[in-house]
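> Below is the structure I would like to discuss, written out as structure tokens.
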Amino acid sequence: MAELPSGFGPGPDDKDVTADRWVGQRLTRAEDVGYLRGETPFIADLRHPLLEDVAHVSFVRSPFAHAHITNIDVSEAMAAPGVLDVVTASDHEIIPTHSVFPEYFDAIFAMPLLAEGRARYVGQPVVAIVADSEAAAVDAAELVIVDYEPLPAVMDLREAASNATLIYPVGSGARARTPSSIEAPGTNVAMEHLHPHTPAAFEAPVVLSQNFVNPRQLPTPIEPYGEACAWDSDGSLHVWAATQRPHGFRTQLADYYGVAESKIHVTAPEGVGGGFGGKVSRTPEEHVLPLLAQRTGRPVRWVQNREEYFLGGTQGRGEEILLTLAGGHDGRIVALRSEMLKDSGSCPGVGANLPSRFNSLGAGGPYDIAHVEFEATSVVTNAPQVSAFRGAGRGPYLAALEMMVDRYAHHIGVDPVEVRRRNLVRAEQMPFTSGTGVVFDPADYVGDLETALDAIDYPRCRRDQDDRLARGDRVVMGIGVATYHLMTVGGGGEDAEVTVEADGTAVVRTGTTSQGHGHMATWAQIAADELGIDPADIRVEEGSTQYTADGVGAVGSRSMQTAGVAVQTAARGVIEQTKRIAADLLEASPTDIVFDPNGPDGERFHVAGVPSKALSWAALVHSDAATPQDFTCGDHHDVGSDNSFPSGCHIAVVEVDTETGAVKLVRYVAVDDAGVRVNPLIVEGQLHGGIAAGVGQVLGEVMRYDPDGNPLTTSFLDYGIATIDEFPPLELVESETATTFNELGAKGVGESGVIGAVPAMHGAVLDALRRCGVDHLDLPCTPQRVWSALRDAEFRPTRSEG
């Protein structure tokens, strides 16, 4: 591998590069050069020999959230200049039989490639146009005439759960999803997770209930969805997609097109412009592109524009959560019950399954609560599919739990910090089996809380807050304290393969993908410590089904704990294989061969006690006694039930202008335990991004729809994504408790920032509002909503002198 470009490599705060280990050093990401210079191609700019003479795809989309499609006239579009094909649902025989989780959802809910009989959300693709140029495809789409018969839209979750209006009734126009015709299930409920209720557990002096509404959000990556694909002469399908899960996408395409997985090659290019969970589930547009390439005999490309993304991109969040907490006047929580309604969107995918896979297991949060109950119902609605978004299946729920703890503390007249002290699982209890039956790995929740309180000088913050109120300041202060943990991985494993090459460099291949995760640096650091090869001489290849047989992808803060461990194990495997060759050359037993990763002049292998006679990687690879296979080793690491729980404490301090409702974040402290930090610089970057996403969620990121399912948020003009000027410097304090669940000692970190930020920020706003008579405010806390809540509480600010 070539040297890192000038200015890239160890950061200014690095450990000494002569240190014994690369793990723990702040190596910057070599791939950033291409991003910063605009040289790394996204799907729109991708070039490949198979994509020569590529055709372009555009879609006619439904303007209705729910409607019968009574007629489609494509004659004018088909005759338009440059048009190669115009396709509707009636023009193909591909019948999807499942979504991401076929074992969980009724087949009737499967997403069609193009709308069949009914449109079920605004923006759903109804007709596909293939043309010689993008302009010709877009122009032809304007010539298609579609007749619709509007139907009542179901947007309210409780209305959906009531089944008053069915989105998938019998005879709704969708083709049979099995070889024999089936009847629709007659319900909007896609999935249920039920838990028996034990009323006696809630017989406590204090019982509180509160409903929390968490609206839909968009992950908003720099690059929306996009795909290019081509059929090769041997019948194999090559797909390039902006995806977080190449292997999972391959499995879906194999099912749709009846092609063996071995003949489908899916690649997430080096320049996937962000994912954040939104690129876990696939869109109908991506599913239909291979069909269009097949029909036209041409490679095809589709690149989603930002307007299309706001209409039909997979979204995150979308929950109503009713929490009931029982406890004593002493601040001890004895029981917790949660009842969730989850928005699946028009067809259930990853989002619909998150409550069962993640919420239910971590329902008690980081607290020692003896009795925990969790129920969830996922329903379909007439809106785009809900997939994942950073902190998926944990963030909204854990934020609601933290707000409930604050509410409990306020009710019994105890400081919210003290209630946390009395209920957090303590370090000496680890590993701890929770009330939901999962095991928490080692951490110090209470210690991280105290560290954060000291860093922000909590007593002084409270004094400043009281002083403002006493003066009658127009701008009031709020302090939000959030202790968190989150279950990561969620089961499953990753493949990795390590090869030492003839020139003494190495290649690492994994089944993961990177959308800014920094895997090129971290995988190289892990392998470097094992192999004794400089990270700059280790090439990382990932993001393609051609590199490894299997892979889950970059989801659930899993990569380091699965692929990272597999890289370490595979590297050690190469060393053990090489010892046998060294033993032959040195005329010794393999058990007597010592590998020294820091040997002088690159000479690593020698007989124990005889370091003066040593062999380098290059010498061994070129040995007549060796074959290339001797220097390659693979591993698949599955965590089983050992899902680590990264944790921490975040504290936000905000100012709320009681005359305008404006919220300003003035200070932010975060203490985060991600276990062993393979690359602290990348860990901090992940925390920065996560915190920014969480603050944005509280301040204004929300997808809004009217009762008829029409989107009211259609661009960045009305989607309140957080901008850099809204942030003070983020004060990050490192906490490190190595997990015992994997040999690296690493936990996840990609979602920690947002899971700590939402409750800290929301709690700070509510803390300020409670002092003005406002009991609760659901997200987002926009100036208008804050101002209206203050007026409803009949709060009248008094301007202080000066």
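Residues are named by chain letter and number: chains run A, B, ... in the order of the structure tokens, numbers start at 1 in each chain, and ligands are numbered from 1 in the order shown.
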Within 7 Å of range 745-759 of chain A, counting only C-alpha atoms, which residues show up once you throw out same-chain ones fewer than 4 positions away? Write them as an mmCIF file with C-alpha atoms, in the first residue's frame, please.

```cif
data_model
loop_
_atom_site.group_PDB
_atom_site.id
_atom_site.type_symbol
_atom_site.label_atom_id
_atom_site.label_comp_id
_atom_site.auth_asym_id
_atom_site.auth_seq_id
_atom_site.Cartn_x
_atom_site.Cartn_y
_atom_site.Cartn_z
ATOM 1 C CA ARG A 390 -28.561 6.038 14.314
ATOM 2 C CA GLY A 391 -29.493 4.570 17.692
ATOM 3 C CA GLY A 395 -32.425 5.813 21.146
ATOM 4 C CA ALA A 399 -34.609 8.892 25.808
ATOM 5 C CA GLU A 402 -34.592 9.162 30.961
ATOM 6 C CA MET A 403 -37.435 11.689 30.762
ATOM 7 C CA ALA A 482 -28.692 11.523 30.894
ATOM 8 C CA TYR A 484 -27.320 5.665 29.125
ATOM 9 C CA THR A 488 -25.016 -3.260 20.335
ATOM 10 C CA SER A 557 -22.516 -0.478 16.258
ATOM 11 C CA ARG A 558 -21.245 -3.965 15.506
ATOM 12 C CA MET A 560 -15.411 -3.525 15.766
ATOM 13 C CA GLN A 561 -16.855 -6.328 17.882
ATOM 14 C CA SER A 644 -21.762 -5.400 24.545
ATOM 15 C CA PHE A 645 -23.332 -2.367 26.235
ATOM 16 C CA PRO A 646 -21.340 0.846 25.668
ATOM 17 C CA CYS A 649 -23.306 10.133 30.874
ATOM 18 C CA HIS A 650 -24.116 13.257 28.872
ATOM 19 C CA ALA A 674 -16.593 2.489 24.377
ATOM 20 C CA GLY A 675 -14.266 -0.061 25.908
ATOM 21 C CA VAL A 676 -10.790 -0.198 24.389
ATOM 22 C CA ARG A 677 -10.481 2.587 21.819
ATOM 23 C CA VAL A 683 -14.081 7.297 18.278
ATOM 24 C CA GLN A 686 -18.240 9.161 15.867
ATOM 25 C CA LEU A 687 -19.278 10.827 19.121
ATOM 26 C CA HIS A 688 -19.265 14.281 17.530
ATOM 27 C CA GLY A 690 -23.877 11.237 17.032
ATOM 28 C CA ILE A 691 -24.237 14.170 19.413
ATOM 29 C CA ALA A 693 -27.699 14.116 15.275
ATOM 30 C CA GLY A 694 -29.239 13.947 18.747
ATOM 31 C CA VAL A 695 -29.251 17.701 19.243
ATOM 32 C CA GLN A 697 -33.555 15.641 16.721
ATOM 33 C CA VAL A 698 -34.486 17.695 19.776
ATOM 34 C CA ALA A 738 -12.589 -3.075 28.582
ATOM 35 C CA THR A 739 -15.384 -5.486 27.821
ATOM 36 C CA THR A 740 -14.836 -9.129 28.664
ATOM 37 C CA GLY A 763 -34.086 16.883 29.530
#
```
> Find the spatial neighbours of His92 in chain A, counting only C-alpha atoms, within a cut-off of 9 Å - ignore same-chain residues fewer than 4 positions away - and output them as a PyMOL selection string.
chain A and resi 87-88+291
> Quick one: which range 35-114 of chain A residues come within 7 Å of range 247-267 of chain A, and what is the nearest atom pair for each with the distance in Å to one decimal, counting only C-alpha atoms, rows ordered by chain and ascending number, as a Markdown table?

```
| residue | atom | partner | partner_atom | distance |
| --- | --- | --- | --- | --- |
| A:Ile94 | CA | A:Tyr256 | CA | 6.2 |
| A:Ile95 | CA | A:Tyr256 | CA | 7.0 |
| A:Pro96 | CA | A:Tyr256 | CA | 6.0 |
```
> Write out as a PyMOL selection string each polymer residue whose atoms come within 10 Å of range 564-569 of chain A, counting only C-alpha atoms; drop sequence neighbours fewer than 2 positions from it.
chain A and resi 493-498+508-510+512+519+522-531+558-562+571-575+633-639+678+742-746
> Give me the residues near range 599-615 of chain A as a list in words, where near means some atom within 10 Å (using only C-alpha atoms) and where sequence neighbours in that chain fewer than 4 positions away do not count.
Gly504, Leu531, Gly532, Ile533, Ile575, Thr578, Lys579, Ile581, Ala582, Ala583, Leu585, Leu586, Glu587, Ala588, Ser589, Pro590, Thr591, Asp592, Ile593, Val594, Phe595, Ala619 and Leu620 of chain A
> Restricting the calculation to only C-alpha atoms: of A:Val83, A:Ala136, A:Val476, A:Ala554, which residue gets closest to Gly511 in chain A?
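Once distances to Gly511 in chain A are computed over only C-alpha atoms, the minimum belongs to A:Ala554.
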